[in-house]
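Visitor: Got target-v5.cif for you, mmCIF, C-alpha atoms:
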data_work
loop_
_atom_site.group_PDB
_atom_site.id
_atom_site.type_symbol
_atom_site.label_atom_id
_atom_site.label_comp_id
_atom_site.auth_asym_id
_atom_site.auth_seq_id
_atom_site.Cartn_x
_atom_site.Cartn_y
_atom_site.Cartn_z
ATOM 1 C CA MET V 184 -78.348 -69.361 -114.380
ATOM 2 C CA THR V 185 -81.183 -70.948 -112.445
ATOM 3 C CA LEU V 186 -81.921 -70.778 -108.768
ATOM 4 C CA LEU V 187 -80.339 -74.152 -108.001
ATOM 5 C CA ASP V 188 -77.087 -73.483 -109.806
ATOM 6 C CA ALA V 189 -74.334 -72.873 -107.308
ATOM 7 C CA PRO V 190 -71.445 -70.539 -108.040
ATOM 8 C CA PRO V 191 -68.138 -72.304 -108.645
ATOM 9 C CA PHE V 192 -66.175 -73.193 -105.500
ATOM 10 C CA ASN V 193 -63.474 -70.654 -104.699
ATOM 11 C CA ALA V 194 -60.801 -72.386 -102.577
ATOM 12 C CA ARG V 195 -58.934 -69.160 -101.918
ATOM 13 C CA ARG V 196 -62.057 -67.402 -100.565
ATOM 14 C CA ALA V 197 -62.976 -70.417 -98.395
ATOM 15 C CA LEU V 198 -59.492 -70.476 -96.865
ATOM 16 C CA TRP V 199 -59.673 -66.718 -96.208
ATOM 17 C CA ILE V 200 -63.075 -67.073 -94.458
ATOM 18 C CA LYS V 201 -61.756 -69.996 -92.374
ATOM 19 C CA ARG V 202 -58.690 -68.041 -91.222
ATOM 20 C CA ILE V 203 -60.724 -64.918 -90.385
ATOM 21 C CA SER V 204 -63.227 -67.028 -88.408
ATOM 22 C CA ILE V 205 -60.501 -68.757 -86.387
ATOM 23 C CA ALA V 206 -58.771 -65.435 -85.683
ATOM 24 C CA ALA V 207 -62.068 -63.881 -84.547
ATOM 25 C CA VAL V 208 -62.776 -66.776 -82.155
ATOM 26 C CA VAL V 209 -59.232 -66.677 -80.723
ATOM 27 C CA LEU V 210 -59.379 -62.893 -80.264
ATOM 28 C CA PHE V 211 -62.792 -63.161 -78.600
ATOM 29 C CA PHE V 212 -61.591 -65.765 -76.073
ATOM 30 C CA ALA V 213 -58.337 -63.895 -75.426
ATOM 31 C CA GLY V 214 -60.269 -60.684 -74.812
ATOM 32 C CA PHE V 215 -62.802 -62.454 -72.599
ATOM 33 C CA THR V 216 -60.061 -64.160 -70.555
ATOM 34 C CA GLY V 217 -58.087 -60.918 -70.275
ATOM 35 C CA THR V 218 -61.162 -59.051 -69.055
ATOM 36 C CA ILE V 219 -61.925 -61.674 -66.405
ATOM 37 C CA LEU V 220 -58.302 -61.708 -65.207
ATOM 38 C CA TYR V 221 -58.226 -57.908 -65.111
ATOM 39 C CA VAL V 222 -61.389 -57.809 -62.998
ATOM 40 C CA LEU V 223 -59.908 -60.416 -60.646
ATOM 41 C CA ASP V 224 -56.554 -58.569 -60.605
ATOM 42 C CA PHE V 225 -54.954 -61.989 -61.019
ATOM 43 C CA PRO V 226 -51.677 -61.698 -62.931
ATOM 44 C CA TRP V 227 -50.634 -58.540 -61.112
ATOM 45 C CA GLN V 228 -50.931 -60.255 -57.734
ATOM 46 C CA LEU V 229 -48.214 -62.685 -58.783
ATOM 47 C CA TRP V 230 -45.755 -59.832 -59.368
ATOM 48 C CA ASN V 231 -46.032 -58.891 -55.690
ATOM 49 C CA TRP V 232 -45.443 -62.435 -54.441
ATOM 50 C CA PRO V 233 -41.777 -61.981 -53.369
ATOM 51 C CA SER V 234 -42.674 -58.929 -51.288
ATOM 52 C CA ASP V 235 -45.783 -60.606 -49.881
ATOM 53 C CA HIS V 236 -43.694 -63.620 -48.946
ATOM 54 C CA ARG V 237 -41.071 -61.447 -47.220
ATOM 55 C CA VAL V 238 -43.718 -59.640 -45.147
ATOM 56 C CA ASN V 239 -45.402 -62.939 -44.266
ATOM 57 C CA LEU V 240 -42.070 -64.355 -43.054
ATOM 58 C CA PHE V 241 -41.454 -61.180 -41.044
ATOM 59 C CA LEU V 242 -44.874 -61.293 -39.409
ATOM 60 C CA ASP V 243 -44.532 -65.038 -38.750
ATOM 61 C CA ASP V 244 -41.336 -64.282 -36.807
ATOM 62 C CA VAL V 245 -43.052 -61.474 -34.881
ATOM 63 C CA GLN V 246 -46.009 -63.750 -34.188
ATOM 64 C CA ALA V 247 -43.659 -66.445 -32.873
ATOM 65 C CA GLY V 248 -41.992 -63.886 -30.596
ATOM 66 C CA ASN V 249 -38.642 -64.121 -32.372
ATOM 67 C CA LEU V 250 -38.051 -60.370 -32.588
ATOM 68 C CA GLN V 251 -34.314 -60.621 -33.301
ATOM 69 C CA LYS V 252 -34.929 -62.684 -36.418
ATOM 70 C CA ALA V 253 -37.836 -60.399 -37.354
ATOM 71 C CA TYR V 254 -35.530 -57.374 -37.050
ATOM 72 C CA GLY V 255 -33.148 -59.120 -39.442
ATOM 73 C CA GLN V 256 -36.056 -59.596 -41.874
ATOM 74 C CA TRP V 257 -37.034 -55.939 -41.430
ATOM 75 C CA ASN V 258 -33.558 -54.732 -42.419
ATOM 76 C CA ASN V 259 -32.794 -57.626 -44.785
ATOM 77 C CA ASP V 260 -29.653 -58.189 -42.744
ATOM 78 C CA PHE V 261 -29.603 -61.329 -40.628
ATOM 79 C CA GLN V 262 -26.149 -60.418 -39.296
ATOM 80 C CA TRP V 263 -27.404 -57.087 -37.905
ATOM 81 C CA GLN V 264 -25.997 -57.879 -34.448
ATOM 82 C CA GLN V 265 -22.488 -57.758 -35.932
ATOM 83 C CA HIS V 266 -22.937 -54.088 -36.857
ATOM 84 C CA PRO V 267 -25.835 -52.438 -34.969
ATOM 85 C CA ASP V 268 -24.418 -48.962 -35.693
ATOM 86 C CA ARG V 269 -25.820 -49.215 -39.250
ATOM 87 C CA TYR V 270 -29.340 -49.123 -37.850
ATOM 88 C CA LYS V 271 -29.173 -46.188 -35.439
ATOM 89 C CA LEU V 272 -32.197 -44.458 -36.980
ATOM 90 C CA TYR V 273 -34.479 -47.396 -36.176
ATOM 91 C CA ASN V 274 -32.631 -49.488 -33.627
ATOM 92 C CA PHE V 275 -33.710 -52.742 -32.034
ATOM 93 C CA ALA V 276 -35.181 -51.007 -28.954
ATOM 94 C CA ALA V 277 -37.474 -48.905 -31.169
ATOM 95 C CA PHE V 278 -38.347 -52.024 -33.146
ATOM 96 C CA GLN V 279 -39.321 -53.825 -29.925
ATOM 97 C CA ARG V 280 -41.550 -50.896 -28.924
ATOM 98 C CA ASP V 281 -43.306 -51.051 -32.291
ATOM 99 C CA TRP V 282 -43.609 -54.825 -32.681
ATOM 100 C CA GLY V 283 -43.207 -56.330 -29.210
ATOM 101 C CA PRO V 284 -46.011 -57.613 -26.974
ATOM 102 C CA HIS V 285 -46.520 -54.137 -25.452
ATOM 103 C CA SER V 286 -46.915 -52.383 -28.814
ATOM 104 C CA ASP V 287 -50.090 -50.793 -30.153
ATOM 105 C CA TYR V 288 -51.029 -54.150 -31.700
ATOM 106 C CA GLY V 289 -50.371 -56.197 -28.584
ATOM 107 C CA VAL V 290 -49.386 -59.805 -29.049
ATOM 108 C CA ILE V 291 -49.810 -60.590 -32.730
ATOM 109 C CA LYS V 292 -51.959 -63.695 -33.105
ATOM 110 C CA SER V 293 -52.866 -63.443 -36.779
ATOM 111 C CA HIS V 294 -52.061 -61.441 -39.869
ATOM 112 C CA ARG V 295 -53.323 -61.262 -43.426
ATOM 113 C CA ILE V 296 -52.231 -59.183 -46.409
ATOM 114 C CA ILE V 297 -55.396 -57.624 -47.775
ATOM 115 C CA VAL V 298 -54.012 -55.353 -50.490
ATOM 116 C CA ALA V 299 -50.660 -54.931 -52.261
ATOM 117 C CA LYS V 300 -49.620 -52.596 -55.052
ATOM 118 C CA HIS V 301 -46.425 -51.431 -56.748
ATOM 119 C CA VAL V 302 -45.793 -47.812 -55.829
ATOM 120 C CA GLY V 303 -42.592 -46.154 -57.020
ATOM 121 C CA ASN V 304 -39.651 -48.484 -56.447
ATOM 122 C CA GLY V 305 -41.373 -50.708 -53.913
ATOM 123 C CA VAL V 306 -44.491 -52.603 -52.994
ATOM 124 C CA VAL V 307 -46.938 -51.101 -50.512
ATOM 125 C CA MET V 308 -49.233 -53.523 -48.749
ATOM 126 C CA GLY V 309 -52.015 -53.273 -46.236
ATOM 127 C CA VAL V 310 -51.780 -55.893 -43.497
ATOM 128 C CA ASP V 311 -54.667 -56.791 -41.227
ATOM 129 C CA ILE V 312 -53.225 -57.619 -37.806
ATOM 130 C CA ASN V 313 -55.332 -59.518 -35.253
ATOM 131 C CA GLY V 314 -58.472 -58.837 -37.285
ATOM 132 C CA GLY V 315 -58.303 -55.112 -36.581
ATOM 133 C CA SER V 316 -60.504 -52.541 -38.248
ATOM 134 C CA THR V 317 -57.618 -50.509 -39.699
ATOM 135 C CA PRO V 318 -54.763 -52.181 -41.578
ATOM 136 C CA ILE V 319 -51.140 -51.227 -41.127
ATOM 137 C CA PHE V 320 -49.359 -50.251 -44.326
ATOM 138 C CA LEU V 321 -45.874 -51.644 -44.890
ATOM 139 C CA ARG V 322 -43.520 -51.104 -47.807
ATOM 140 C CA VAL V 323 -40.886 -53.444 -49.233
ATOM 141 C CA ASP V 324 -38.135 -51.785 -51.266
ATOM 142 C CA ASN V 325 -37.487 -53.560 -54.571
ATOM 143 C CA LYS V 326 -33.726 -52.986 -54.497
ATOM 144 C CA THR V 327 -32.743 -53.469 -50.844
ATOM 145 C CA HIS V 328 -35.679 -55.725 -49.849
ATOM 146 C CA GLN V 329 -35.979 -53.835 -46.571
ATOM 147 C CA ILE V 330 -39.371 -53.598 -44.934
ATOM 148 C CA GLY V 331 -40.574 -50.291 -43.541
ATOM 149 C CA PHE V 332 -43.655 -48.334 -42.607
ATOM 150 C CA SER V 333 -45.307 -46.827 -45.658
ATOM 151 C CA PRO V 334 -46.222 -43.154 -45.811
ATOM 152 C CA ILE V 335 -48.765 -44.140 -48.477
ATOM 153 C CA GLU V 336 -52.057 -45.768 -47.579
ATOM 154 C CA LEU V 337 -53.890 -47.769 -50.218
ATOM 155 C CA TYR V 338 -57.639 -47.709 -50.767
ATOM 156 C CA ILE V 339 -59.181 -50.884 -49.398
ATOM 157 C CA GLY V 340 -62.609 -50.436 -50.985
ATOM 158 C CA GLN V 341 -64.818 -50.427 -47.922
#
Can the structure from this file be put into structure tokens for me?

Guide:
Amino acid sequence: MTLLDAPPFNARRALWIKRISIAAVVLFFAGFTGTILYVLDFPWQLWNWPSDHRVNLFLDDVQAGNLQKAYGQWNNDFQWQQHPDRYKLYNFAAFQRDWGPHSDYGVIKSHRIIVAKHVGNGVVMGVDINGGSTPIFLRVDNKTHQIGFSPIELYIGQ
């Protein structure tokens, strides 16, 4: 056999090399895309969207001054006035003290969810109110969809 003689073509080996090459390229791009999405925390943000949306609706009602509707959002019971005895532990007067214009936050002019994470059977989120330096942490229960103050504070990364 001389230097210019090529080995006979092996169709089976060529097909095997082609399949391995395609699989390697697909795995590389899937791994690269997964790494980028993990760094951006992208797909996991979508899982919190229903809770984020509920808190945004609640804070929009508070911002508009519609505290009765906001209290319905808080308890996930828009007919709460029909049976106020269910909410004796955190009644509407206490809610007004916490969220009304004379609360610690004053009149709410803006809000922004800055962090959200699944914790236990709910979603805990940090909400920046009126551009304050310290966020307030709220929790939305996955089963009852009630909003409440969270005993857990998330790390913001500052």

Visitor: Just the residues within 8 Å of stretch 288-303 of chain V, please, counting all atoms listed in the file, with nothing from its chain fewer than 6 positions along; format it as a list in words.

Guide: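 The contact residues come out as Gln228, Asn231, Asp235, Leu242, Val245, Gln246, Trp282, Gly309, Val310, Asp311, Ile312, Asn313, Gly314, Leu337 and Ile339 of chain V.
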
Visitor: Do you know which residues the PyMOL selection byres ((chain V and resi 324-336) around 8) returns on this file, as number ranges by chain?

Guide: V: 234, 238, 256-259, 304-307, 309, 320-323, 337-338

Visitor: Pick out the closest residue to V:Ala247 from this set: V:Ala276, V:Pro284, V:Arg202, V:Leu187. Count all atoms listed in the file.

Guide: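 Ranked by minimum distance to V:Ala247, first place goes to V:Pro284.
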
Visitor: What does the distance from atom CA of V:Gly283 to atom CA of V:Pro318 come to in Å, to one decimal?

Guide: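 Separation between atom CA of V:Gly283 and atom CA of V:Pro318: 17.4 Å.
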
Visitor: Any chance you could work out the residue set of the PyMOL selection byres ((chain V and resi 252) around 12) here, as number ranges by chain?

Guide: V: 240-251, 253-264, 275, 278-279

Visitor: What gap, in Å, lies between atom CA of V:Leu223 and atom CA of V:Leu210?

Guide: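 Pair atom CA of V:Leu223 / atom CA of V:Leu210 returns 19.8 Å.
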
Visitor: Could you write out as AutoDock Vina command-line options the box around stretch 308-313 of chain V (axis-aligned, all atoms listed in the file, 5 Å on each side), with centre and edge lengths in Å to one decimal?

Guide:
--center_x -52.3 --center_y -56.4 --center_z -42.0 --size_x 16.1 --size_y 16.2 --size_z 23.5

Visitor: One decimal, Å: what's the distance from atom CA of V:Gly214 over to atom CA of V:Leu198, could you say?

Guide: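 According to the coordinates, atom CA of V:Gly214 and atom CA of V:Leu198 are separated by 24.1 Å.
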